[in-house]
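Remarks on the structure that follows.
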Amino acid sequence: MKEIELSAGRVAYEDVGEGPTLVLLHGLMMDASLWDEVIADLSADHRCVAPTLPLGAHRHAMHADADLSLAGIARLVAELLERLDLHDVTLVGNDTGGALVQLLMSDGDARVGRVVLASCDAFDNFPPGLTGRTLVLAGKLSPRMFGLFMQQMRLRMLRRLPLAFGRLTLRGDAATARWLRPVLTQPEIRRDTVRTLRAAAA
């Protein structure tokens with residue numbers, strides 16, 4: 001993965017292929033690898049850019065004063081588009097990534113030509129489902145207690161529960177285990193995640 005230093009901190013991203021640009025945004029507790037199969041299919045005739053946003057599975061902690069509200073992370077995406085000099089992009093959002101797309105569009109980002117919302121947060125369906133509500137409730141804990149709460153996700157059988165990753169594990173558990181590793185092992189990532197969850201709840 002490539003990396004870029006943005007105002008909030010260092011962000012890793014995939015950037016492969018040539019052609020019309022797709023920017024793919026993931027959701028809470030996921031990273032850019034969510035899009036691996038999509039990128040494999042589309043990078044033959046599209047440029048695919050997939051950042052790993054500070055939503056809990058990121059590898060690099062953000063600056064202590066970074067705005068990690070959803071609006072702040074949407075602005076971080078806008079900054080990424082500007083720094084990579086991307087124009088007329090198709091912005092694709094899944095899960096909380098879809099909420100970020102909607103926030104970007106409400107600001108009228110001129111670099112975005114088209115939008116695709118794929119099974120994402122919208123209207124009063126936020127946070128969505130049992131998993132989303134559980135995460136937001138857990139975000140009320142201190143970062144240390146949040147870390148202790150999340151340690152149970154080390155167990156494969158718990159990751160597969162409906163209140164955890166549920167159906168996302170049907171194609172294999174390796175991805176969800178990888179997504180959880182930063183929040184399980186890095187205190188700074190737990191700090192970032194709690195800040196994001198609290199801002200989302202507010």
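Going by the structure tokens order, chains are called A, B, ..., each with residues numbered from 1, while ligands are numbered from 1 in the order shown.
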Taking the DSSP assignment computed from this structure's backbone, write out as number ranges by chain all residues of region 34-201 of chain A that belong to strand (DSSP E or B). A: 47-51, 89-95, 112-120, 122, 125
May I have the selected residues written with C-alpha atoms, as a compact mmCIF listing (two decimals), in the first residue's frame?
# COMPACT_ATOMS: atom_id res chain seq x y z
CA ARG A 47 -7.97 3.61 -11.60
CA CYS A 48 -9.03 2.30 -8.18
CA VAL A 49 -8.11 4.32 -5.09
CA ALA A 50 -9.08 2.80 -1.74
CA PRO A 51 -7.89 4.57 1.42
CA VAL A 89 -14.18 10.59 -9.64
CA THR A 90 -16.84 8.00 -8.97
CA LEU A 91 -17.09 7.94 -5.19
CA VAL A 92 -18.24 4.57 -3.84
CA GLY A 93 -19.31 4.09 -0.22
CA ASN A 94 -20.21 0.96 1.70
CA ASP A 95 -21.42 0.87 5.31
CA VAL A 112 -16.79 14.09 -7.53
CA GLY A 113 -18.61 13.30 -10.77
CA ARG A 114 -20.69 10.31 -9.70
CA VAL A 115 -21.70 8.50 -6.52
CA VAL A 116 -22.44 4.86 -5.77
CA LEU A 117 -23.99 3.99 -2.39
CA ALA A 118 -23.73 0.27 -1.65
CA SER A 119 -25.56 -1.02 1.42
CA CYS A 120 -24.71 1.97 3.57
CA ALA A 122 -28.50 6.58 5.63
CA ASN A 125 -30.59 4.03 10.07
Residues within 10 Å of His46 (chain A), please, as a short mmCIF file (atom, residue, chain, number, x, y, z; two decimals) with C-alpha atoms, in the first residue's frame. Count only C-alpha atoms; anything in the same chain fewer than 6 positions from it doesn't count.
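And here is the file that came out, part29.cif:
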data_model
loop_
_atom_site.label_atom_id
_atom_site.label_comp_id
_atom_site.auth_asym_id
_atom_site.auth_seq_id
_atom_site.Cartn_x
_atom_site.Cartn_y
_atom_site.Cartn_z
CA VAL A 16 -3.96 0.60 -8.91
CA GLY A 17 -5.06 0.57 -12.53
CA GLU A 18 -5.58 3.25 -15.15
CA GLY A 19 -8.69 4.87 -16.58
CA PRO A 20 -11.68 6.62 -14.98
CA THR A 21 -11.09 6.96 -11.24
CA LEU A 22 -13.05 5.10 -8.59
CA ILE A 39 -10.37 -3.74 -7.37
#
Check your understanding: Quick one: of A:Ala110, A:Val11, A:Leu42, A:Ala177, who's nearest to Met29 (chain A), counting only C-alpha atoms?
Key ->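 Under the stated criterion, the closest residue is A:Ala177.
Restricting the calculation to only C-alpha atoms, the smallest distance between Thr131 (chain A) and any of A:Gly27, A:Pro162, A:Pro143, A:Gly98 is found for A:Pro162.
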*Pull the helix (DSSP H, G or I) assignments for region 18-194 of chain A out of DSSP run on the backbone, and list those residues as number ranges by chain.*
A: 32-42, 70-83, 96-106, 129-138, 143-154, 156-159, 166-169, 174-185, 187-194
(Q) Excluding region 74-86 of chain A and its own-chain neighbours fewer than 3 positions away, which residues fall within 10 Å of it when counting only C-alpha atoms? Please give them as an MDAnalysis selection string. (A) chainID A and resid 4:9 11 13 20:23 25 49 51 53:54 66:71 89 97 99:105 107 109:112
Hey, could you make a per-residue contact list for region 63-141 of chain A against region 191-199 of chain A with 12 Å as the cut-off, showing the nearest pair of atoms and its distance in Å to one decimal, counting only C-alpha atoms, sorted by chain and number, as JSON lines?
{"residue": "A:His63", "atom": "CA", "partner": "A:Asp192", "partner_atom": "CA", "distance": 9.0}
{"residue": "A:Ala64", "atom": "CA", "partner": "A:Asp192", "partner_atom": "CA", "distance": 8.3}
{"residue": "A:Asp65", "atom": "CA", "partner": "A:Asp192", "partner_atom": "CA", "distance": 10.2}
{"residue": "A:Ala66", "atom": "CA", "partner": "A:Asp192", "partner_atom": "CA", "distance": 9.0}
{"residue": "A:Asp67", "atom": "CA", "partner": "A:Thr196", "partner_atom": "CA", "distance": 8.6}
{"residue": "A:Leu68", "atom": "CA", "partner": "A:Thr196", "partner_atom": "CA", "distance": 5.1}
{"residue": "A:Ser69", "atom": "CA", "partner": "A:Ala199", "partner_atom": "CA", "distance": 4.9}
{"residue": "A:Leu70", "atom": "CA", "partner": "A:Thr196", "partner_atom": "CA", "distance": 7.1}
{"residue": "A:Ala71", "atom": "CA", "partner": "A:Ala199", "partner_atom": "CA", "distance": 9.3}
{"residue": "A:Gly72", "atom": "CA", "partner": "A:Thr196", "partner_atom": "CA", "distance": 9.5}
{"residue": "A:Ile73", "atom": "CA", "partner": "A:Thr196", "partner_atom": "CA", "distance": 9.0}
{"residue": "A:Thr96", "atom": "CA", "partner": "A:Leu197", "partner_atom": "CA", "distance": 11.3}
{"residue": "A:Phe126", "atom": "CA", "partner": "A:Leu197", "partner_atom": "CA", "distance": 11.6}
{"residue": "A:Pro127", "atom": "CA", "partner": "A:Leu197", "partner_atom": "CA", "distance": 9.8}
{"residue": "A:Gly132", "atom": "CA", "partner": "A:Leu197", "partner_atom": "CA", "distance": 9.7}
{"residue": "A:Arg133", "atom": "CA", "partner": "A:Leu197", "partner_atom": "CA", "distance": 10.2}
{"residue": "A:Thr134", "atom": "CA", "partner": "A:Leu197", "partner_atom": "CA", "distance": 10.5}
{"residue": "A:Leu135", "atom": "CA", "partner": "A:Leu197", "partner_atom": "CA", "distance": 7.3}
{"residue": "A:Val136", "atom": "CA", "partner": "A:Leu197", "partner_atom": "CA", "distance": 5.4}
{"residue": "A:Leu137", "atom": "CA", "partner": "A:Leu197", "partner_atom": "CA", "distance": 8.3}
{"residue": "A:Ala138", "atom": "CA", "partner": "A:Val194", "partner_atom": "CA", "distance": 8.2}
{"residue": "A:Gly139", "atom": "CA", "partner": "A:Val194", "partner_atom": "CA", "distance": 4.8}
{"residue": "A:Lys140", "atom": "CA", "partner": "A:Arg198", "partner_atom": "CA", "distance": 6.4}
{"residue": "A:Leu141", "atom": "CA", "partner": "A:Val194", "partner_atom": "CA", "distance": 7.7}
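The nearest approach to Thr176 (chain A) among the residues A:Ala44, A:Val38, A:Leu24, A:Leu158, with only C-alpha atoms taken into account, belongs to A:Leu158.
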